[in-house]
Amino acid sequence: MDGAVSEKVLEGKNSSKEAERDKVAAVGLSSNESTIKGEHSKVLVTGDGAEIPPDITSEISEKAFGGKKISNESDRDKEEPVILSRTESTIKEEPGRNLATPNKKKEIPPSMIGSESDKLSEAKNNSKPAEKGVVATRSSEQSKSSSTWTEEKGCNYAKGKWVIDDSRPLYSGFGCKQWLSSMWACRLTQRTDFEYEKLRWQPKECRMEEFMGSKFLKRMQDKTLAFIGDSLGRQQFQSLMCMVTGGKERHDVLDVGKEYGLVKAHGSVRPDGWAYRFPITNTTILYYWSASLCDLEPLDPSNPATDYAMHLDRPPAFLHRFLHKFDVLVLNTGHHWNRGKLNANRWVMYVGGLPNTNRKIASIAGAKNFTVYSIVRWVNSQLPKYPGLKAFFRSISPRHFFHGDWNTGGTCDNTTPLSGGKEVLQDESTDHLASGAVNGTGVKLLDVTALSELRDEGHISRYSIKATPGVQDCLHWCLPGLPDTWNEILFAQL
């Protein structure tokens, strides 16, 4: 990927003043970033305790999003290191280090399209006895037979446990150089412990379909999957490219970024995203950088130092422009909502095309809540136009800075998997903002927060290729690693 090798651990600006946008944990959560708890069907709670009535978000209409000309985001998402605090989420779990080891699986090359690979996989899945019990669902009429449960019947993929699987990882940590940024390939660093690669997520009372590249491509034939979000979204995108290809070189895969305007601008470190197409099934996978999921518009395009209108009630122009081409959409935001970032990027909050004057959404937490609800409502309003579209909002990926923050000695030195517990037992998501936003809409929650909270050993930590002394990356994940599980859960719901 462009610029991957030259990326630094901390964010900085290049000669063109473009920030290197997806660097380290440094730029992550603000003090208001902690999961907002409460009944979002009633109110939104800001970081300073103010409540945002739902009628504020209900003022957002399709006209407000689509009625004005929305300029495309280019290389405007600038960043600088900001002192941030750790996300605190409550996870009900059973501590313990003993992991049940399932039977070892035989590896099946993902390059096998259909035929034997799929048959073998299906045979293995059918031979596994389903766990007994009843998973918590939102419908009292759902079947209690876990062996026949599907996502449509309410499978809670976020509830379950981590187990050892010696057939993991799904691709080599030494390979996948065609898609994987070297700064995230922990096998290429000084790290020597790789137990974290051997863990598989097992939902509690339903079976999650085994991921295979061949199955994915067949299911996504003539379709496009788009990730839109921050650097954690980029990690999920790169993870999926490695999973689909098995980490192997694929010279048949086409770079179709130009179709979406995803080309590197002069002086930029990298383009605003990437798009690749697998000709064998006409499947396209793309990623677009939008850290805030807001539309960003320069107030004075002729001035390089201009401020940018951060339209809290408009979707990114890229999403507005290309939504009709997407069959699967995965959105995420969260780690860029802090005052330092807004100031460094010269982002000015706008609502209704004018500078925001509503005190209820003037705080960072209030603005973030408002934006998350806005983007979900807008996507939901578009679903009737595109009945085949499956839209997901991914819950926040937790940070694991202990004893300080990224620039004050914070560390994530633990290398023992699941030292804090292996199970997620609660029925509700620990990301209350995301779950509240999608509630009652056609947008699904891709809930990864609680299961990711148990994996503090899976971060890049101090092993970054070009690490800054005394600074650890406890936000991004080693690949192969945890984002692979996010994609497995996504695949199970396609």
# chains A, B, ... in the order shown; residues from 1 in each chain; ligands from 1

call {"tool": "select_by_dssp", "arguments": {"residues": "stretch 201-371 of chain A", "states": "helix (DSSP H, G or I)", "output": "PyMOL selection string"}}
result
chain A and resi 213-219+231-245+257-260+317-325+339-345+359-361+364-371

call {"tool": "closest_atom_pairs", "arguments": {"of": "stretch 256-320 of chain A", "to": "stretch 233-245 of chain A", "cutoff": "9 Å", "atoms": "only C-alpha atoms", "output": "JSON lines"}}
result
{"residue": "A:Gly273", "atom": "CA", "partner": "A:Arg234", "partner_atom": "CA", "distance": 8.5}
{"residue": "A:Tyr276", "atom": "CA", "partner": "A:Met241", "partner_atom": "CA", "distance": 8.8}
{"residue": "A:Ile285", "atom": "CA", "partner": "A:Met241", "partner_atom": "CA", "distance": 7.8}
{"residue": "A:Leu286", "atom": "CA", "partner": "A:Phe237", "partner_atom": "CA", "distance": 7.3}
{"residue": "A:Tyr287", "atom": "CA", "partner": "A:Phe237", "partner_atom": "CA", "distance": 6.3}
{"residue": "A:Tyr288", "atom": "CA", "partner": "A:Arg234", "partner_atom": "CA", "distance": 8.0}
{"residue": "A:Trp289", "atom": "CA", "partner": "A:Arg234", "partner_atom": "CA", "distance": 7.7}

call {"tool": "write_last_selection", "arguments": {"atoms": "C-alpha atoms", "output": "PDB file, in the first residue's frame"}}
result
ATOM      1  CA  GLY A 273      -8.776   5.016   0.007  1.00  0.00           C
ATOM      2  CA  TYR A 276      -9.876  -3.706  -5.630  1.00  0.00           C
ATOM      3  CA  ILE A 285     -13.797  -4.416  -1.887  1.00  0.00           C
ATOM      4  CA  LEU A 286     -13.015  -0.805  -1.064  1.00  0.00           C
ATOM      5  CA  TYR A 287     -12.064   1.456   1.801  1.00  0.00           C
ATOM      6  CA  TYR A 288     -12.573   5.193   2.113  1.00  0.00           C
ATOM      7  CA  TRP A 289     -11.048   7.374   4.804  1.00  0.00           C
TER       8      TRP A 289
END

call {"tool": "atom_distance", "arguments": {"atom1": "atom CA of A:Val443", "atom2": "atom CA of A:Trp201"}}
result
23.2 Å

call {"tool": "closest_residue", "arguments": {"among": "A:Ser452, A:Ser381, A:Thr306, A:Gln178", "to": "A:Ala158", "atoms": "only C-alpha atoms"}}
result
A:Ser452

call {"tool": "closest_residue", "arguments": {"among": "A:Ser397, A:Gln493, A:Thr192, A:Gln472", "to": "A:Thr411", "atoms": "only C-alpha atoms"}}
result
A:Gln472

call {"tool": "closest_residue", "arguments": {"among": "A:Lys422, A:Arg377, A:Lys368, A:Arg191", "to": "A:Lys204", "atoms": "only C-alpha atoms"}}
result
A:Lys422

call {"tool": "residues_around", "arguments": {"residues": "stretch 211-225 of chain A", "least_positions_apart": "2", "cutoff": "10 Å", "atoms": "only C-alpha atoms", "output": "VMD selection string"}}
result
chain A and resid 108 to 115 117 to 118 121 170 208 to 209 227 to 228 237 240 to 246 275 to 287 325 to 330 389 to 391 484 to 485 487 to 492 494

call {"tool": "atom_distance", "arguments": {"atom1": "atom CA of A:Met183", "atom2": "atom CA of A:Glu453"}}
result
21.9 Å

call {"tool": "residues_around", "arguments": {"residues": "A:Tyr350", "least_positions_apart": "5", "cutoff": "8 Å", "atoms": "only C-alpha atoms", "output": "MDAnalysis selection string"}}
result
chainID A and resid 309:313 355:356

call {"tool": "write_last_selection", "arguments": {"atoms": "N, CA, C and O atoms", "output": "mmCIF file, in the first residue's frame"}}
result
data_model
loop_
_atom_site.group_PDB
_atom_site.id
_atom_site.type_symbol
_atom_site.label_atom_id
_atom_site.label_comp_id
_atom_site.auth_asym_id
_atom_site.auth_seq_id
_atom_site.Cartn_x
_atom_site.Cartn_y
_atom_site.Cartn_z
ATOM 1 N N ALA A 309 -15.615 23.329 7.173
ATOM 2 C CA ALA A 309 -16.926 23.116 7.771
ATOM 3 C C ALA A 309 -17.095 21.626 8.011
ATOM 4 O O ALA A 309 -16.991 20.815 7.088
ATOM 5 N N MET A 310 -17.343 21.279 9.247
ATOM 6 C CA MET A 310 -17.558 19.881 9.631
ATOM 7 C C MET A 310 -19.072 19.701 9.761
ATOM 8 O O MET A 310 -19.661 19.942 10.799
ATOM 9 N N HIS A 311 -19.693 19.287 8.683
ATOM 10 C CA HIS A 311 -21.148 19.198 8.633
ATOM 11 C C HIS A 311 -21.626 17.971 9.401
ATOM 12 O O HIS A 311 -21.636 16.849 8.875
ATOM 13 N N LEU A 312 -22.034 18.195 10.641
ATOM 14 C CA LEU A 312 -22.440 17.086 11.499
ATOM 15 C C LEU A 312 -23.679 16.372 10.993
ATOM 16 O O LEU A 312 -23.922 15.219 11.339
ATOM 17 N N ASP A 313 -24.471 17.039 10.156
ATOM 18 C CA ASP A 313 -25.717 16.453 9.664
ATOM 19 C C ASP A 313 -25.650 16.074 8.197
ATOM 20 O O ASP A 313 -26.671 15.947 7.546
ATOM 21 N N PRO A 355 -22.781 27.595 10.961
ATOM 22 C CA PRO A 355 -22.031 27.256 12.176
ATOM 23 C C PRO A 355 -22.987 26.857 13.295
ATOM 24 O O PRO A 355 -24.035 27.479 13.484
ATOM 25 N N ASN A 356 -22.629 25.809 14.012
ATOM 26 C CA ASN A 356 -23.513 25.299 15.052
ATOM 27 C C ASN A 356 -23.652 26.292 16.206
ATOM 28 O O ASN A 356 -22.656 26.819 16.712
#

call {"tool": "residues_around", "arguments": {"residues": "A:Leu479", "least_positions_apart": "5", "cutoff": "10 Å", "atoms": "only C-alpha atoms", "output": "list of chain:residue names"}}
result
A:Pro169, A:Tyr171, A:Ser172, A:Gly173, A:Phe174, A:Cys176, A:Leu180, A:Ser181, A:Ser182, A:Met183, A:Trp184, A:Ala185, A:Cys186, A:Arg187, A:Glu197, A:Gln235, A:Gln236, A:Gln238, A:Ser239, A:Cys242, A:Gly458, A:His459, A:Ile460, A:Asp484

call {"tool": "write_last_selection", "arguments": {"atoms": "N, CA and C atoms", "output": "PDB file, in the first residue's frame"}}
result
ATOM      1  N   PRO A 169      -3.308 -18.819  12.107  1.00  0.00           N
ATOM      2  CA  PRO A 169      -4.154 -17.760  11.555  1.00  0.00           C
ATOM      3  C   PRO A 169      -4.687 -18.116  10.169  1.00  0.00           C
ATOM      4  N   TYR A 171      -4.170 -16.447   7.491  1.00  0.00           N
ATOM      5  CA  TYR A 171      -3.166 -16.124   6.469  1.00  0.00           C
ATOM      6  C   TYR A 171      -1.849 -15.878   7.193  1.00  0.00           C
ATOM      7  N   SER A 172      -0.766 -15.940   6.461  1.00  0.00           N
ATOM      8  CA  SER A 172       0.551 -15.839   7.073  1.00  0.00           C
ATOM      9  C   SER A 172       0.885 -14.411   7.474  1.00  0.00           C
ATOM     10  N   GLY A 173       1.460 -14.281   8.656  1.00  0.00           N
ATOM     11  CA  GLY A 173       1.906 -12.975   9.112  1.00  0.00           C
ATOM     12  C   GLY A 173       3.146 -12.494   8.405  1.00  0.00           C
ATOM     13  N   PHE A 174       3.793 -13.394   7.679  1.00  0.00           N
ATOM     14  CA  PHE A 174       4.970 -13.005   6.898  1.00  0.00           C
ATOM     15  C   PHE A 174       4.583 -12.626   5.471  1.00  0.00           C
ATOM     16  N   CYS A 176       1.109 -11.639   2.633  1.00  0.00           N
ATOM     17  CA  CYS A 176       0.083 -10.627   2.376  1.00  0.00           C
ATOM     18  C   CYS A 176       0.665  -9.231   2.218  1.00  0.00           C
ATOM     19  N   LEU A 180      -1.275  -5.741   2.999  1.00  0.00           N
ATOM     20  CA  LEU A 180      -1.093  -5.412   4.406  1.00  0.00           C
ATOM     21  C   LEU A 180       0.043  -4.409   4.627  1.00  0.00           C
ATOM     22  N   SER A 181      -0.265  -3.309   5.294  1.00  0.00           N
ATOM     23  CA  SER A 181       0.754  -2.316   5.636  1.00  0.00           C
ATOM     24  C   SER A 181       1.766  -2.961   6.578  1.00  0.00           C
ATOM     25  N   SER A 182       3.026  -2.757   6.299  1.00  0.00           N
ATOM     26  CA  SER A 182       4.074  -3.419   7.079  1.00  0.00           C
ATOM     27  C   SER A 182       4.048  -3.002   8.542  1.00  0.00           C
ATOM     28  N   MET A 183       3.573  -1.799   8.834  1.00  0.00           N
ATOM     29  CA  MET A 183       3.560  -1.346  10.233  1.00  0.00           C
ATOM     30  C   MET A 183       2.575  -2.138  11.067  1.00  0.00           C
ATOM     31  N   TRP A 184       1.650  -2.870  10.428  1.00  0.00           N
ATOM     32  CA  TRP A 184       0.673  -3.668  11.152  1.00  0.00           C
ATOM     33  C   TRP A 184       0.979  -5.164  11.084  1.00  0.00           C
ATOM     34  N   ALA A 185       2.036  -5.538  10.392  1.00  0.00           N
ATOM     35  CA  ALA A 185       2.418  -6.947  10.259  1.00  0.00           C
ATOM     36  C   ALA A 185       3.408  -7.282  11.368  1.00  0.00           C
ATOM     37  N   CYS A 186       2.912  -7.719  12.517  1.00  0.00           N
ATOM     38  CA  CYS A 186       3.760  -7.894  13.691  1.00  0.00           C
ATOM     39  C   CYS A 186       4.786  -9.010  13.534  1.00  0.00           C
ATOM     40  N   ARG A 187       4.578  -9.918  12.581  1.00  0.00           N
ATOM     41  CA  ARG A 187       5.584 -10.956  12.325  1.00  0.00           C
ATOM     42  C   ARG A 187       6.863 -10.360  11.748  1.00  0.00           C
ATOM     43  N   GLU A 197      -2.424 -15.190  17.652  1.00  0.00           N
ATOM     44  CA  GLU A 197      -2.870 -15.568  16.310  1.00  0.00           C
ATOM     45  C   GLU A 197      -3.722 -16.841  16.325  1.00  0.00           C
ATOM     46  N   GLN A 235      -7.796  -1.073   8.885  1.00  0.00           N
ATOM     47  CA  GLN A 235      -7.273  -2.370   9.317  1.00  0.00           C
ATOM     48  C   GLN A 235      -8.245  -3.488   8.946  1.00  0.00           C
ATOM     49  N   GLN A 236      -9.531  -3.249   9.136  1.00  0.00           N
ATOM     50  CA  GLN A 236     -10.518  -4.269   8.790  1.00  0.00           C
ATOM     51  C   GLN A 236     -10.521  -4.529   7.293  1.00  0.00           C
ATOM     52  N   GLN A 238      -7.891  -4.120   5.185  1.00  0.00           N
ATOM     53  CA  GLN A 238      -6.691  -4.870   4.834  1.00  0.00           C
ATOM     54  C   GLN A 238      -6.791  -6.315   5.307  1.00  0.00           C
ATOM     55  N   SER A 239      -7.381  -6.505   6.473  1.00  0.00           N
ATOM     56  CA  SER A 239      -7.600  -7.852   6.986  1.00  0.00           C
ATOM     57  C   SER A 239      -8.445  -8.662   6.017  1.00  0.00           C
ATOM     58  N   CYS A 242      -6.580  -9.766   2.948  1.00  0.00           N
ATOM     59  CA  CYS A 242      -5.685 -10.887   3.252  1.00  0.00           C
ATOM     60  C   CYS A 242      -6.471 -12.183   3.436  1.00  0.00           C
ATOM     61  N   GLY A 458      -3.268  -8.274  21.865  1.00  0.00           N
ATOM     62  CA  GLY A 458      -3.208  -8.312  20.405  1.00  0.00           C
ATOM     63  C   GLY A 458      -2.818  -7.007  19.742  1.00  0.00           C
ATOM     64  N   HIS A 459      -2.468  -5.978  20.527  1.00  0.00           N
ATOM     65  CA  HIS A 459      -2.092  -4.694  19.954  1.00  0.00           C
ATOM     66  C   HIS A 459      -0.645  -4.704  19.454  1.00  0.00           C
ATOM     67  N   ILE A 460      -0.317  -3.727  18.660  1.00  0.00           N
ATOM     68  CA  ILE A 460       1.037  -3.603  18.119  1.00  0.00           C
ATOM     69  C   ILE A 460       2.032  -3.302  19.232  1.00  0.00           C
ATOM     70  N   ASP A 484      -9.541  -9.780  11.933  1.00  0.00           N
ATOM     71  CA  ASP A 484      -9.987 -10.946  11.167  1.00  0.00           C
ATOM     72  C   ASP A 484     -11.308 -11.468  11.742  1.00  0.00           C
TER      73      ASP A 484
END

call {"tool": "closest_residue", "arguments": {"among": "A:Pro203, A:Gly247, A:Gly481, A:Gly436", "to": "A:Pro417", "atoms": "only C-alpha atoms"}}
result
A:Gly481

call {"tool": "closest_residue", "arguments": {"among": "A:Leu418, A:Ala365, A:Val471, A:Leu342", "to": "A:Gly404", "atoms": "only C-alpha atoms"}}
result
A:Val471

call {"tool": "decode", "arguments": {"residues": "stretch 354-374 of chain A", "atoms": "N, CA and C atoms", "output": "mmCIF file, in the first residue's frame"}}
result
data_model
loop_
_atom_site.group_PDB
_atom_site.id
_atom_site.type_symbol
_atom_site.label_atom_id
_atom_site.label_comp_id
_atom_site.auth_asym_id
_atom_site.auth_seq_id
_atom_site.Cartn_x
_atom_site.Cartn_y
_atom_site.Cartn_z
ATOM 1 N N LEU A 354 -24.916 25.942 8.517
ATOM 2 C CA LEU A 354 -24.452 27.121 9.237
ATOM 3 C C LEU A 354 -23.649 26.697 10.461
ATOM 4 N N PRO A 355 -22.781 27.595 10.961
ATOM 5 C CA PRO A 355 -22.031 27.256 12.176
ATOM 6 C C PRO A 355 -22.987 26.857 13.295
ATOM 7 N N ASN A 356 -22.629 25.809 14.012
ATOM 8 C CA ASN A 356 -23.513 25.299 15.052
ATOM 9 C C ASN A 356 -23.652 26.292 16.206
ATOM 10 N N THR A 357 -24.863 26.542 16.619
ATOM 11 C CA THR A 357 -25.139 27.413 17.759
ATOM 12 C C THR A 357 -25.901 26.685 18.853
ATOM 13 N N ASN A 358 -26.139 25.414 18.637
ATOM 14 C CA ASN A 358 -26.895 24.615 19.614
ATOM 15 C C ASN A 358 -25.941 24.104 20.693
ATOM 16 N N ARG A 359 -26.080 24.598 21.895
ATOM 17 C CA ARG A 359 -25.171 24.215 22.967
ATOM 18 C C ARG A 359 -25.250 22.734 23.300
ATOM 19 N N LYS A 360 -26.398 22.143 23.029
ATOM 20 C CA LYS A 360 -26.569 20.731 23.361
ATOM 21 C C LYS A 360 -25.659 19.825 22.543
ATOM 22 N N ILE A 361 -25.217 20.289 21.389
ATOM 23 C CA ILE A 361 -24.321 19.460 20.582
ATOM 24 C C ILE A 361 -22.998 20.165 20.334
ATOM 25 N N ALA A 362 -22.689 21.153 21.177
ATOM 26 C CA ALA A 362 -21.426 21.870 21.022
ATOM 27 C C ALA A 362 -20.254 21.114 21.633
ATOM 28 N N SER A 363 -20.518 20.275 22.636
ATOM 29 C CA SER A 363 -19.447 19.491 23.237
ATOM 30 C C SER A 363 -19.038 18.376 22.282
ATOM 31 N N ILE A 364 -17.850 17.844 22.491
ATOM 32 C CA ILE A 364 -17.366 16.771 21.623
ATOM 33 C C ILE A 364 -18.286 15.557 21.698
ATOM 34 N N ALA A 365 -18.655 15.173 22.913
ATOM 35 C CA ALA A 365 -19.529 14.007 23.064
ATOM 36 C C ALA A 365 -20.881 14.268 22.424
ATOM 37 N N GLY A 366 -21.403 15.476 22.609
ATOM 38 C CA GLY A 366 -22.691 15.805 22.015
ATOM 39 C C GLY A 366 -22.631 15.796 20.504
ATOM 40 N N ALA A 367 -21.539 16.349 19.952
ATOM 41 C CA ALA A 367 -21.375 16.382 18.499
ATOM 42 C C ALA A 367 -21.220 14.981 17.934
ATOM 43 N N LYS A 368 -20.477 14.148 18.651
ATOM 44 C CA LYS A 368 -20.288 12.771 18.181
ATOM 45 C C LYS A 368 -21.610 12.015 18.205
ATOM 46 N N ASN A 369 -22.347 12.136 19.299
ATOM 47 C CA ASN A 369 -23.645 11.474 19.379
ATOM 48 C C ASN A 369 -24.558 11.914 18.241
ATOM 49 N N PHE A 370 -24.617 13.214 18.051
ATOM 50 C CA PHE A 370 -25.460 13.784 17.009
ATOM 51 C C PHE A 370 -25.064 13.243 15.635
ATOM 52 N N THR A 371 -23.757 13.167 15.381
ATOM 53 C CA THR A 371 -23.278 12.703 14.083
ATOM 54 C C THR A 371 -23.565 11.229 13.860
ATOM 55 N N VAL A 372 -23.323 10.407 14.871
ATOM 56 C CA VAL A 372 -23.568 8.972 14.725
ATOM 57 C C VAL A 372 -25.048 8.716 14.442
ATOM 58 N N TYR A 373 -25.914 9.364 15.192
ATOM 59 C CA TYR A 373 -27.344 9.215 14.933
ATOM 60 C C TYR A 373 -27.699 9.751 13.549
ATOM 61 N N SER A 374 -27.060 10.840 13.155
ATOM 62 C CA SER A 374 -27.348 11.448 11.852
ATOM 63 C C SER A 374 -26.993 10.514 10.706
#
